[in-house]
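File shown: target31.txt (compact mmCIF, C-alpha atoms).
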```
# COMPACT_ATOMS: atom_id res chain seq x y z
CA MET V 1 0.00 0.00 0.00
CA ILE V 2 0.88 2.91 0.76
CA ARG V 3 3.01 0.59 -0.54
CA LYS V 4 -0.18 -1.14 -1.15
CA PRO V 5 -2.42 1.50 -2.46
CA PHE V 6 0.55 2.71 -4.29
CA SER V 7 1.25 -0.68 -5.40
CA GLU V 8 0.69 -0.53 -9.04
CA ASN V 9 -0.30 -3.80 -10.45
CA PHE V 10 1.11 -5.27 -13.58
CA GLY V 11 -0.79 -6.15 -16.67
CA LEU V 12 0.44 -7.58 -19.92
CA CYS V 13 0.27 -5.52 -23.08
CA HIS V 14 -0.65 -7.20 -26.29
CA ASN V 15 3.01 -7.17 -27.18
CA GLY V 16 3.80 -8.95 -23.97
CA HIS V 17 5.49 -6.02 -22.28
CA LEU V 18 4.75 -5.48 -18.68
CA HIS V 19 3.39 -2.11 -17.86
CA SER V 20 2.32 -0.60 -14.64
CA TRP V 21 -1.07 -0.77 -13.13
CA SER V 22 -1.32 2.97 -13.39
CA ASP V 23 -2.23 2.49 -17.02
CA LEU V 24 -5.08 0.26 -15.98
CA MET V 25 -6.21 1.82 -12.77
CA SER V 26 -5.12 5.09 -11.30
CA ARG V 27 -3.79 5.34 -7.80
CA ARG V 28 -6.77 7.42 -6.92
CA GLN V 29 -9.05 4.68 -8.13
CA PHE V 30 -7.05 2.24 -6.09
CA ALA V 31 -7.36 4.51 -3.10
CA ARG V 32 -11.11 4.63 -3.59
CA THR V 33 -11.11 0.87 -3.66
CA ALA V 34 -9.11 0.78 -0.46
CA THR V 35 -11.54 3.22 1.10
CA SER V 36 -14.40 0.99 0.09
CA ILE V 37 -12.66 -1.92 1.70
CA ALA V 38 -12.19 0.13 4.85
CA ALA V 39 -15.81 1.23 4.82
CA ALA V 40 -17.03 -2.30 4.25
CA GLY V 41 -14.84 -3.50 7.07
CA ALA V 42 -16.31 -0.88 9.32
CA ALA V 43 -19.87 -1.54 8.26
CA PHE V 44 -19.66 -5.24 8.87
CA GLY V 45 -17.45 -5.08 11.88
CA LEU V 46 -14.88 -7.05 10.01
CA GLY V 47 -12.02 -5.32 10.93
CA LEU V 48 -12.30 -3.09 13.29
CA PRO V 49 -9.89 -4.66 14.96
CA LYS V 50 -8.30 -3.79 18.14
CA ALA V 51 -4.67 -2.89 18.21
CA ALA V 52 -2.45 -5.24 20.10
CA ALA V 53 -1.65 -4.11 23.58
CA SER V 54 1.59 -2.20 23.54
CA ALA V 55 4.51 -2.83 25.85
CA PRO V 56 5.56 0.10 28.05
CA GLY V 57 8.59 0.93 25.96
CA ASP V 58 6.90 0.63 22.60
CA PRO V 59 6.72 3.70 20.42
CA VAL V 60 3.37 5.42 20.00
CA PRO V 61 1.70 5.53 16.57
CA ILE V 62 1.37 8.90 14.86
CA PRO V 63 -2.01 10.42 15.72
CA GLY V 64 -2.97 11.02 12.09
CA ALA V 65 -4.54 8.40 9.86
CA GLU V 66 -4.94 8.43 6.09
CA PRO V 67 -8.54 9.39 5.24
CA LEU V 68 -8.41 7.33 2.06
CA LEU V 69 -7.98 4.24 4.22
CA GLY V 70 -10.96 5.10 6.37
CA GLY V 71 -9.02 7.15 8.91
CA ILE V 72 -8.30 4.18 11.15
CA PHE V 73 -4.77 3.22 10.16
CA HIS V 74 -2.01 5.45 11.45
CA VAL V 75 0.01 5.80 8.29
CA PHE V 76 0.32 8.10 5.31
CA GLY V 77 1.69 7.42 1.89
CA PRO V 78 3.29 10.57 0.52
CA THR V 79 3.25 10.60 -3.27
CA PRO V 80 4.93 13.12 -5.56
CA ASP V 81 1.72 13.73 -7.51
CA ASN V 82 -0.38 13.93 -4.32
CA SER V 83 -2.52 11.11 -5.67
CA PHE V 84 -2.62 9.37 -2.31
CA SER V 85 -1.33 11.39 0.65
CA PRO V 86 0.19 14.80 -0.14
CA VAL V 87 3.89 14.65 -0.91
CA ASP V 88 4.67 16.57 2.29
CA ALA V 89 2.63 14.21 4.50
CA GLU V 90 4.21 12.60 7.54
CA PRO V 91 6.42 9.70 6.42
CA ALA V 92 6.99 8.30 9.93
CA THR V 93 4.60 5.88 11.60
CA ILE V 94 5.73 6.61 15.17
CA THR V 95 5.26 9.85 17.03
CA ASN V 96 7.34 11.62 19.65
CA LEU V 97 10.32 11.03 17.41
CA ASN V 98 13.43 13.12 16.96
CA GLY V 99 15.53 11.29 14.45
CA PHE V 100 16.02 10.01 10.95
CA VAL V 101 13.29 8.80 8.64
CA GLY V 102 13.44 7.14 5.24
CA LEU V 103 10.71 6.04 2.86
CA ALA V 104 10.80 4.37 -0.54
CA TYR V 105 8.39 2.66 -2.90
CA ILE V 106 10.43 0.08 -4.78
CA ASP V 107 9.76 -2.07 -7.84
CA GLY V 108 11.61 -5.24 -8.76
CA THR V 109 11.24 -8.93 -9.35
CA VAL V 110 11.42 -11.94 -7.11
CA GLN V 111 11.86 -15.63 -7.70
CA ARG V 112 9.29 -17.63 -5.78
CA THR V 113 9.90 -21.30 -5.06
CA ASN V 114 7.12 -23.59 -3.89
CA ARG V 115 8.72 -25.41 -0.98
CA ARG V 116 6.64 -28.53 -1.52
CA THR V 117 6.87 -28.94 -5.29
CA GLY V 118 10.09 -27.05 -6.03
CA GLN V 119 8.32 -25.10 -8.80
CA THR V 120 9.83 -21.68 -9.37
CA VAL V 121 8.39 -18.58 -10.99
CA MET V 122 9.53 -14.98 -11.42
CA LEU V 123 7.02 -12.46 -10.14
CA PRO V 124 6.86 -8.66 -10.01
CA MET V 125 7.25 -6.86 -6.72
CA ILE V 126 5.58 -3.51 -7.12
CA GLY V 127 5.70 -0.43 -4.97
CA ALA V 128 7.14 -2.17 -1.92
CA ASP V 129 6.79 0.46 0.79
CA MET V 130 9.97 0.31 2.84
CA ARG V 131 10.67 2.77 5.65
CA PHE V 132 12.84 3.28 8.67
CA MET V 133 12.82 5.51 11.71
CA SER V 134 15.87 5.84 13.93
CA GLY V 135 16.65 8.16 16.77
CA VAL V 136 15.24 9.35 20.05
CA TYR V 137 11.61 8.61 20.83
CA ARG V 138 9.27 8.83 23.76
CA GLY V 139 7.66 5.46 24.40
CA ALA V 140 4.19 4.61 25.60
CA ASP V 141 5.53 4.81 29.16
CA GLU V 142 6.68 8.41 28.52
CA ARG V 143 10.33 7.47 28.90
CA ILE V 144 12.81 8.71 26.36
CA ARG V 145 14.66 5.98 24.51
CA GLU V 146 16.84 5.47 21.48
CA GLY V 147 15.95 2.93 18.89
CA ALA V 148 15.28 2.04 15.30
CA PHE V 149 12.17 0.75 13.59
CA ALA V 150 11.46 -0.73 10.21
CA PHE V 151 8.24 -0.47 8.25
CA VAL V 152 7.89 -3.43 5.93
CA MET F 1 6.25 -6.44 0.42
CA ASP F 2 3.77 -6.86 -2.38
CA VAL F 3 4.07 -9.55 -5.01
CA TYR F 4 1.72 -9.85 -7.96
CA ASP F 5 0.63 -12.27 -10.65
CA PRO F 6 2.06 -10.81 -13.87
CA GLY F 7 -0.78 -12.21 -15.91
CA THR F 8 -3.87 -11.24 -13.99
CA GLY F 9 -2.47 -8.37 -11.94
CA SER F 10 -3.86 -9.95 -8.80
CA GLN F 11 -1.91 -9.60 -5.61
CA LEU F 12 -0.44 -12.93 -4.53
CA HIS F 13 1.55 -12.05 -1.44
CA ASP F 14 1.42 -9.31 1.16
CA LEU F 15 4.26 -9.68 3.62
CA ASN F 16 4.32 -7.45 6.69
CA PRO F 17 5.34 -7.75 10.32
CA SER F 18 2.03 -7.07 12.06
CA ASP F 19 0.65 -10.06 13.89
CA TYR F 20 -2.55 -8.18 14.56
CA HIS F 21 -4.78 -5.79 12.70
CA PRO F 22 -2.59 -2.75 12.22
CA THR F 23 -4.74 -0.14 13.91
CA GLY F 24 -1.92 0.61 16.35
CA LEU F 25 1.60 0.75 15.00
CA PHE F 26 1.23 0.20 11.30
CA TRP F 27 3.53 -2.52 9.92
CA THR F 28 6.29 -1.21 12.12
CA THR F 29 8.74 -3.34 14.07
CA GLU F 30 11.93 -2.75 16.00
CA ILE F 31 15.30 -3.45 14.46
CA PRO F 32 18.81 -2.93 15.87
CA GLN F 33 19.79 0.70 15.58
CA SER F 34 23.20 -0.38 14.35
CA ASN F 35 21.50 -1.76 11.25
CA VAL F 36 20.59 1.74 10.13
CA GLN F 37 23.25 3.98 8.58
CA VAL F 38 22.25 7.49 7.52
CA GLN F 39 24.07 10.41 5.94
CA VAL F 40 21.28 12.80 5.12
CA GLY F 41 23.56 15.42 3.60
CA ASN F 42 24.59 13.24 0.70
CA GLY F 43 21.32 11.36 0.45
CA TYR F 44 22.66 8.04 1.66
CA ALA F 45 20.99 5.55 3.95
CA SER F 46 21.23 1.81 4.38
CA VAL F 47 18.89 -0.39 6.35
CA VAL F 48 19.49 -4.07 6.94
CA ALA F 49 17.04 -6.43 8.58
CA THR F 50 17.67 -10.10 9.24
CA ASN F 51 15.06 -12.75 9.87
CA LEU F 52 12.28 -10.37 10.84
CA PRO F 53 9.13 -12.29 11.67
CA ILE F 54 6.39 -11.54 9.15
CA PHE F 55 3.09 -12.92 7.95
CA ASP F 56 1.99 -13.45 4.39
CA TYR F 57 -1.54 -12.11 4.27
CA GLY F 58 -1.92 -12.73 0.55
CA GLU F 59 -3.85 -9.55 -0.17
CA PHE F 60 -3.94 -6.01 1.10
CA SER F 61 -7.52 -6.26 2.34
CA ASN F 62 -6.68 -9.36 4.37
CA ALA F 63 -3.65 -7.57 5.81
CA LEU F 64 -5.89 -4.76 7.03
CA PHE F 65 -9.03 -6.57 8.09
CA GLY F 66 -8.27 -10.26 8.22
CA GLY F 67 -10.89 -12.82 7.33
CA ALA F 68 -8.59 -15.15 5.43
CA PRO F 69 -5.70 -17.28 6.58
CA ARG F 70 -2.19 -15.89 6.89
CA THR F 71 1.09 -17.72 6.82
CA PRO F 72 4.01 -17.03 9.16
CA GLY F 73 7.52 -16.51 7.88
CA VAL F 74 10.68 -14.46 8.11
CA ILE F 75 12.16 -11.80 5.86
CA SER F 76 15.65 -10.39 5.44
CA TYR F 77 16.40 -7.35 3.35
CA ARG F 78 18.72 -4.49 2.54
CA VAL F 79 17.45 -1.14 1.32
CA VAL F 80 19.82 1.57 0.10
CA TRP F 81 18.90 5.20 -0.52
CA SER F 82 21.25 7.25 -2.67
CA GLY F 83 21.59 10.48 -4.57
CA VAL F 84 20.07 13.90 -4.16
CA GLN F 85 17.32 14.98 -6.53
CA GLN F 86 15.71 17.60 -4.33
CA ARG F 87 16.23 19.08 -0.88
CA VAL F 88 13.14 20.17 0.99
CA THR F 89 12.45 21.69 4.37
CA ILE F 90 9.02 20.85 5.70
CA ARG F 91 7.09 22.29 8.58
CA ASN F 92 3.70 20.67 8.26
CA THR F 93 1.02 21.82 10.67
CA ASP F 94 -1.89 20.30 8.76
CA PRO F 95 -4.29 18.73 11.29
CA VAL F 96 -4.49 15.49 9.32
CA TYR F 97 -1.21 15.00 7.50
CA GLY F 98 1.11 17.14 9.58
CA GLY F 99 2.51 17.65 13.03
CA PHE F 100 6.15 17.38 12.09
CA ALA F 101 9.08 19.34 10.79
CA GLY F 102 12.27 18.29 9.14
CA ARG F 103 14.81 18.50 6.39
CA PHE F 104 14.54 15.90 3.68
CA VAL F 105 16.32 14.73 0.58
CA ARG F 106 14.24 13.24 -2.21
CA ASN F 107 16.23 10.71 -4.16
CA SER F 108 16.04 7.05 -5.19
CA ALA F 109 16.29 3.70 -3.45
CA GLN F 110 16.95 0.07 -4.25
CA MET F 111 16.54 -3.15 -2.34
CA GLU F 112 17.15 -6.87 -2.26
CA TRP F 113 15.41 -9.36 -0.05
CA THR F 114 14.70 -12.95 0.78
CA ALA F 115 11.82 -14.47 2.67
CA VAL F 116 10.62 -17.87 3.72
CA THR F 117 7.08 -18.77 4.65
CA ASP F 118 5.52 -22.15 5.33
CA ASP F 119 4.68 -22.47 1.63
CA TYR F 120 7.24 -20.49 -0.35
CA MET F 121 10.78 -19.24 -0.52
CA PHE F 122 11.41 -15.83 -2.11
CA VAL F 123 14.71 -14.57 -3.48
CA SER F 124 14.65 -11.15 -5.10
CA ALA F 125 16.67 -10.11 -8.10
CA PRO F 126 19.85 -8.21 -7.14
CA LEU F 127 19.56 -4.76 -5.62
CA ALA F 128 20.91 -3.10 -8.76
CA THR F 129 17.94 -4.35 -10.80
CA THR F 130 15.36 -2.53 -8.68
CA LYS F 131 14.10 1.02 -8.94
CA SER F 132 12.03 3.35 -6.82
CA GLU F 133 8.88 5.22 -7.73
CA PHE F 134 9.55 7.69 -4.94
CA ALA F 135 12.10 7.89 -2.15
CA GLU F 136 13.01 10.36 0.54
CA LEU F 137 15.01 10.46 3.72
CA GLY F 138 15.65 13.10 6.29
CA GLU F 139 15.73 14.28 9.85
CA GLU F 140 12.45 15.09 11.51
CA ARG F 141 10.78 15.94 14.78
CA ASN F 142 7.18 15.08 15.54
CA GLY F 143 4.82 14.69 18.48
CA ARG F 144 6.33 16.02 21.69
CA PHE F 145 9.44 17.09 19.78
CA PHE F 146 7.48 19.32 17.42
CA PRO F 147 7.81 22.21 16.91
```

In structure tokens, what does this structure look like?
Amino acid sequence: MIRKPFSENFGLCHNGHLHSWSDLMSRRQFARTATSIAAAGAAFGLGLPKAAASAPGDPVPIPGAEPLLGGIFHVFGPTPDNSFSPVDAEPATITNLNGFVGLAYIDGTVQRTNRRTGQTVMLPMIGADMRFMSGVYRGADERIREGAFAFV
Amino acid sequence: MDVYDPGTGSQLHDLNPSDYHPTGLFWTTEIPQSNVQVQVGNGYASVVATNLPIFDYGEFSNALFGGAPRTPGVISYRVVWSGVQQRVTIRNTDPVYGGFAGRFVRNSAQMEWTAVTDDYMFVSAPLATTKSEFAELGEERNGRFFP
């Protein structure tokens, strides 16, 4: 999202070339789909999931939540064309942070091997949303700590 | 990590570290601080993670709301940010998207990774074969440290 909502699916052109999902479905359309999923989850009580209890030293999620995902998930997906979150939206997922942050949406390929049959296939990895946060943070117990966190 | 069927465009794998619905910390997990190297000035950062526990939720909607099985596994990866395409200073006070300030470099990033779940083993193509749609890194302050 975010890697996912941003995740642009692949389709095959008639000439066999892979092209990005953006030709088939815009990110905004995808975001609308994600919003529908969020709304459906809310309507049917599917998701609306409780967060796991946090340990005292755990970081605290950012207070904001992407409206396009129903406003319940504490994450934004800055995009240069503002098609999901605005490009200057918060890239971190933890709050009370004074440190370094990195974000990237990465495309590539991966070889998948079925561990039972040994069958292998090359598949596209699209818009993998990879982030890090490293530095000083105030945990859920209000204590100041140093640490690093990965968003996968 | 999102992996797709190249023919149908359907998502096949959605690997992330949350073992619960991500309404708290979103797909965020602790790693050793020594695994993160950052030089914001020249746009460089490297993050290494080894054998992080993850689940394969299959699809994005299942990763958010559940309802279908998930498969446990582990992932290892290296992500490298490099270059400087743009330098930006942000002080974002927007009530939804903001609450932070920082100096950022917008650049590019590449990664390589492996993962093993109960059903599959994944080995990505080399880091040099990957490309980013968007990448940024920087120093920021948010929450109690903002402004």

Out of F:Ser46, F:Ser82, F:Gln37, F:Thr23, which residue has the shortest atom-to-atom distance to Ala63 in chain F when counting all atoms listed in the file?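 Of F:Ser46, F:Ser82, F:Gln37, F:Thr23, the one nearest Ala63 in chain F, counting all atoms listed in the file, is F:Thr23.
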
Set the cut-off to 6 Å and count all atoms listed in the file: what are the residues of chain F that reach chain V? Output as a compact mmCIF listing (two decimals) with C-alpha atoms, in the frame of the given file.
```txt
# COMPACT_ATOMS: atom_id res chain seq x y z
CA MET F 1 6.25 -6.44 0.42
CA ASP F 2 3.77 -6.86 -2.38
CA VAL F 3 4.07 -9.55 -5.01
CA TYR F 4 1.72 -9.85 -7.96
CA PRO F 6 2.06 -10.81 -13.87
CA GLY F 9 -2.47 -8.37 -11.94
CA ASN F 16 4.32 -7.45 6.69
CA HIS F 21 -4.78 -5.79 12.70
CA THR F 23 -4.74 -0.14 13.91
CA GLY F 24 -1.92 0.61 16.35
CA LEU F 25 1.60 0.75 15.00
CA TRP F 27 3.53 -2.52 9.92
CA THR F 28 6.29 -1.21 12.12
CA THR F 29 8.74 -3.34 14.07
CA GLU F 30 11.93 -2.75 16.00
CA ILE F 31 15.30 -3.45 14.46
CA GLN F 33 19.79 0.70 15.58
CA PHE F 65 -9.03 -6.57 8.09
CA VAL F 96 -4.49 15.49 9.32
CA TYR F 97 -1.21 15.00 7.50
CA GLY F 98 1.11 17.14 9.58
CA ASP F 119 4.68 -22.47 1.63
CA TYR F 120 7.24 -20.49 -0.35
CA MET F 121 10.78 -19.24 -0.52
CA PHE F 122 11.41 -15.83 -2.11
CA VAL F 123 14.71 -14.57 -3.48
CA SER F 124 14.65 -11.15 -5.10
CA ALA F 125 16.67 -10.11 -8.10
CA THR F 130 15.36 -2.53 -8.68
CA LYS F 131 14.10 1.02 -8.94
CA SER F 132 12.03 3.35 -6.82
CA GLU F 133 8.88 5.22 -7.73
CA PHE F 134 9.55 7.69 -4.94
CA ALA F 135 12.10 7.89 -2.15
CA GLU F 136 13.01 10.36 0.54
CA LEU F 137 15.01 10.46 3.72
CA GLY F 138 15.65 13.10 6.29
CA GLU F 139 15.73 14.28 9.85
CA GLU F 140 12.45 15.09 11.51
CA ARG F 141 10.78 15.94 14.78
CA ASN F 142 7.18 15.08 15.54
CA GLY F 143 4.82 14.69 18.48
CA ARG F 144 6.33 16.02 21.69
CA PHE F 145 9.44 17.09 19.78
```

Which neighbours of Glu112 in chain F fall inside 6 Å, counting only C-alpha atoms, when residues of the same chain fewer than 4 positions from it are skipped, and could you give them as a PDB file with C-alpha atoms, keeping the file's coordinate frame?
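Below is the file selection_31.pdb, written as the result:
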```pdb
ATOM      1  CA  TYR F  77      16.400  -7.350   3.350  1.00  0.00           C
ATOM      2  CA  ARG F  78      18.720  -4.490   2.540  1.00  0.00           C
ATOM      3  CA  SER F 124      14.650 -11.150  -5.100  1.00  0.00           C
ATOM      4  CA  PRO F 126      19.850  -8.210  -7.140  1.00  0.00           C
ATOM      5  CA  LEU F 127      19.560  -4.760  -5.620  1.00  0.00           C
TER       6      LEU F 127
END
```

With distances taken over all atoms listed in the file, the candidate from F:Thr71, F:Asn42, F:Ser76, F:Gln11 nearest Asp56 in chain F is F:Thr71

Report the distance between CA of Thr93 in chain F and CA of Asn107 in chain F in Å, rounded to one decimal place. 24.0 Å

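In this comparison, which uses all atoms listed in the file, the residue of F:Asn62, F:Asn35, F:Asn92, F:Thr129 approaching Val48 in chain F most closely is F:Asn35.
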